[in-house]
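**Student:** Got a structure for you, questions after.
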Amino acid sequence: MANNGRSNIMLVILVSSIFSLNATIPTGYYASVDGRQGDNIVEALYQKINEHTNVGYDGLYDVYKTSDNTAEGYVWDMYSTCTFAHVNDKCGGYKKVCDCYNREHSVPASWFKDASPMYSDPFHVIPTDGYVNNQRSNYPLGECVGGSSAGTQSLCRRGTSSRADYSGTVFEVPDQYKGDFARAYFYMVTCYRNRDFTSANGSAMFTYKSSVAGLTSYAVNLLMDWHRLDPVSEKEIDRNNAIYAAQGNRNPYIDYPCLAEYIWGKNRGEKVVLDELMSSSDEAFLASDRTGCYCTVSSPTILSPKANTTIVIGSSSVGEPVSSIIHVSGILFTSPVTVSLSGDHAKMFTLSAQPMVIPADSINAGYNLKVTYTPDVIGQHSCTLSFASTDLEHVHAVTITGNCKAELVEPVTGTELMMVAQGVGSIITQSVFVKATNLTSAVYVGIGSGDKSVFSVSPSSLTASQANAGTWITVSYTPSALGNHTAELILNSTNSEFTRPNIQLKGSCLFALLPEEVLSSTSVRLSWVNGGKECYALDVYQKTVIPGEPQETFSDVNGAKGITSGYTAIEGNQLRLGSGSSIGGLTYTDLDLSQGGELQLEARYYGSDNSLLKVVVDGEADTLTLTADLRTYTIPFSEGQSTTSKVVIETLEKKKRAFVHQFSVITGGSKEVRTHVTGYPCEICNTLSADVVGLWPDVEYHYSVTPVGLMSYTEEGSFVPYSGATESPVIPLSDVEDVHKIISNGHLYILMHGEKYNAVGIKCK
């Protein structure tokens with residue numbers, strides 16, 4: 001069954017001072033910290049933030065697109081002044097500063113022996129210049145006089161510690177980011193307080209006693225100095241929110257900076273009262289002293305936009321105006337605020353009036369200021385936007401910028417297009433708006449990498465004038481098989497300044513059930529899509545659960561108790577199965593599965609392989625679709641299995657590698673007993689729906705539909721027949737004694753009291 005659908009999508013650039021998710025701390029997130037003191041604060045924070053999603057080492061690149069992204073869309077590197085594109089400038093090799101960027105463990109991986117999930121935690125694994133990162137090696141952080149630098153564009157240096165409490169070689173980061181690194185270390189020693197960070201040079205900064213990690217006195221003195229020198233910035237707040245969106249936990253020392261003082265600083269030993277502290281999500285935070293230890297702003301202050309930040313107005317062609325709304329808000333103003341523009345490029349920017357005066361009441365309530373950028377020459381242009389008032393001690397200034405380059409404005413790099421198909425062979429399309437500025441060469445359009453065969457795009461090229469004016473293109477998704485599919489939309493030009501954007505295409509064609517349609521008090525119609533098969537196995541049953549206590553009867557970590565086959569290796573505290581030229585397997589024998597229960601397997605795919613993992617229990621196979629995150633998969637098994645069962649875990653194909661961590665057998669516990677409706681399970685063909693009749697009203701039924709030949713795609717649902725019908729219920733077939741089955745022309749019929757009755761309205765084998 002084919003289904004054609006079309007939807008239009010216009011991708012719009014959103015402009016703000018610095019990328020912000022506008023996220024706030026979830027209500028009650030830190031409630032467990034209230035009233036605690038000293039190390040008990042660390043323990044409460046550990047319990048809150050330790051459980052989180054492992055984004056995976058390769059997944060860091062996706063996180064960086066929001067967590068470490070400059071206003072201009074480049075990688076935010078705290079080690080250098082270089083400009084790196086997120087996709088095209090990843091490190092392979094490097095010979096000098098600015099060659100490429102890589103993933104730097106600010107707490108070196110050698111200190112914790114490459115263990116997960118620390119190895120891929122973006123709170124401390126940051127994007128940095130590869131050459132400068134190499135200079136850092138695994139030396140502890142510190143301060144040095146003189147020292148050596150990797151080059152003029154490096155912001156860091158390495159040398160002998162100049163602090164009295166440490167005399168070894170240290171790596172010094174720039175002043176404007178020292179607080180960022182301090183709070184990353186506070187996070188690590190809190191989130192992973194049961195981990196050992198003292199390998200290699202780690203003992204200079206970390207201690208490990210009685211299964212609890214801590215900071216050395218040198219590290220406490222250094223990091224608290226840095227924490228106070230460089231308080232939480234808007235960059236850090238935005239980064240915290242972006243990582244929370246990806247990983248599911250937060251850095252408490254960014255949310256509540258003063259907590260560090262209660263653990264390692266001047267308030268140590270005192271009880272925390274959160275209501276007396278200011279969080280960085282408070283609108284007034286960046287206008288305060290940013291220690292977080294005080295809750296009030298006592299003088300007139302501009303809260304938004306933040307001072308000394310950069311606001312990107314937009315991108316435009318020569319002579320083409322583009323506008324942006326800047327929200328201006330303040331507190332405690334009694335006098336008006338004058339807004340003005342200054343600088344070499346100020347003539348290219350306009351306000352609704354120049355100078356512009358905003359009344360005090362409007363500032364306090366919030367005012368939307370419109371700024372328009374109209375470039376008259378090619379280039380990047382900026383000026384200063386100033387706010388002055390007799391209420392302010394100093395002029396409040398921000399930088400506003402606009403781009404007038406030969407570049408693509410829409411769609412922006414990092415955009416993802418998602419299309420969901422209603423069946424194998426169906427065609428789904430999306431219209432994408434393409435807009436460029438100042439191009440003199442054509443834009444070439446195509447599909448690259450990944451599952452190219454299921455995606456297409458039209459037209460294949462745009463003239464420069466079409467691109468500059470803005471033109472719609474059509475992307476099509478036509479899946480030939482079930483599954484998730486990915487590719488890249490390629491937009492390229494020979495213009496020298498043109499940077500090819502990274503635009504991901506994602507298609508989904510997964511087998512799925514449709515909502516049940518109640519036909520009467522005793523009958524229901526079941527429907528589904530995307531099977532892509534001629535026949536389906538259908539089961540309808542009632543379910544009874546007999547309670548019991550589950551027990552773990554077998555457990556193994558990293559395959560230590562199993563038999564390996566093909567390619568296997570221990571990497572990062574996990575067992576890798578498979579390589580580029582071989583599948584990998586793990587076998588367990590003599591497992592007692594006779595009581596029924598479930599297998600639990602903790603696994604993830606390798607790199608970006610999008611692997612499938614096959615689990616075979618006594619010859620019956622299940623296929624697991626893995627993710628980049630280490631997660632637990634459950635495979636139930638029924639009562640009555642062997643006391644010497646065999647379980648095989650293996651990858652399905654070469655180059656589709658996987659990691660497995662823990663394997664467990666849980667037996668006993670609650671048991672599910674199924675009572676099948678008469679005539680089920682059965683197999684039906686050449687249809688995407690089935691009518692189920694002869695049911696009791698007000699009884700919950702369960703059902704499953706499986707495409708024959710795709711046993712891993714079983715979908716399950718439940719329904720209760722409508723009880724409001726007035727007709728008499730049909731007696732369930734299992735309760736009728738004089739039932740006779742008749743097979744006629746391949747259909748199943750029931751002879752009930754002498755009448756021929758189509759029992760299920762479907763063809764069954």
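To be explicit about the labels: the chains of the structure tokens are called A, B, and onward in the order shown, and within each one the residues are counted from 1, while ligands get numbers from 1 in the order they are shown.
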Using the chain letters and numbers from this document, which residues of region 444-514 of chain A does DSSP assign to alpha helix (DSSP H), as a PyMOL selection string?
**Tutor:** chain A and resi 464-469
**Student:** So which residues of region 103-244 of chain A fall under strand (DSSP E or B) by DSSP, listed as a PyMOL selection string?
**Tutor:** chain A and resi 103-105+125-129+141+144+148+154+157-161+169-172+206-209+212-215
**Student:** Near Gly572 (chain A), within 12 Å and counting only C-alpha atoms, which residues show up once chain neighbours fewer than 5 positions away are dropped, as a ChimeraX atom specification?
**Tutor:** /A:56-57,109-110,112-120,558,606,659-661
**Student:** At a cut-off of 7 Å, using only C-alpha atoms, what residues contact Ser386 (chain A)? Leave out same-chain residues fewer than 2 positions from it and give the result as a list in words.
**Tutor:**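 Near Ser386 (chain A), the qualifying residues are Val339, Ser340, Leu341, Thr384, Ala388, Val395, His396, Ala397 and Val398 of chain A.
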**Student:** The selected residues should be written to file as a short mmCIF file (atom, residue, chain, number, x, y, z; two decimals), in the first residue's frame (atoms: N, CA and C atoms).
**Tutor:**
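File again.cif, as written:
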data_model
loop_
_atom_site.label_atom_id
_atom_site.label_comp_id
_atom_site.auth_asym_id
_atom_site.auth_seq_id
_atom_site.Cartn_x
_atom_site.Cartn_y
_atom_site.Cartn_z
N VAL A 339 19.01 55.19 23.63
CA VAL A 339 19.66 54.13 22.86
C VAL A 339 20.33 54.76 21.64
N SER A 340 21.58 54.40 21.39
CA SER A 340 22.29 54.98 20.25
C SER A 340 23.22 53.96 19.62
N LEU A 341 23.65 54.27 18.38
CA LEU A 341 24.58 53.43 17.62
C LEU A 341 25.85 54.21 17.35
N THR A 384 28.48 49.48 17.85
CA THR A 384 28.15 49.40 19.27
C THR A 384 26.74 49.94 19.50
N ALA A 388 22.12 54.47 27.69
CA ALA A 388 22.60 55.44 28.68
C ALA A 388 21.41 56.03 29.43
N VAL A 395 27.69 53.51 30.91
CA VAL A 395 26.94 53.18 29.70
C VAL A 395 26.94 51.66 29.54
N HIS A 396 25.77 51.12 29.22
CA HIS A 396 25.60 49.68 29.01
C HIS A 396 25.71 49.43 27.50
N ALA A 397 26.72 48.66 27.07
CA ALA A 397 26.99 48.52 25.64
C ALA A 397 27.06 47.06 25.22
N VAL A 398 26.56 46.82 24.01
CA VAL A 398 26.68 45.51 23.37
C VAL A 398 27.14 45.73 21.93
#
**Student:** Between CA of Tyr139 (chain A) and CA of Arg268 (chain A), what is the spacing in Å?
**Tutor:**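 If I compute the distance from CA of Arg268 (chain A) to CA of Tyr139 (chain A), I get 28.8 Å.
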**Student:** Measure the distance from CA of Met278 (chain A) to CA of Tyr294 (chain A) in Å and round it to one decimal.
**Tutor:**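 These atoms are spaced 6.0 Å apart.
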**Student:** Give me the residues near Lys48 (chain A) as a VMD selection string, where near means some atom within 12 Å (using only C-alpha atoms) and where sequence neighbours in that chain fewer than 3 positions away do not count.
**Tutor:** chain A and resid 28 to 33 41 to 45 51 to 52 187 190 to 192 248 to 252
**Student:** Which residue out of A:Asp165, A:Glu172, A:Asp196, A:Glu650 has the minimum interatomic distance to Ile583 (chain A) when only C-alpha atoms are used?
**Tutor:**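 Answer, going by the shortest atom-to-atom distance: A:Glu650.
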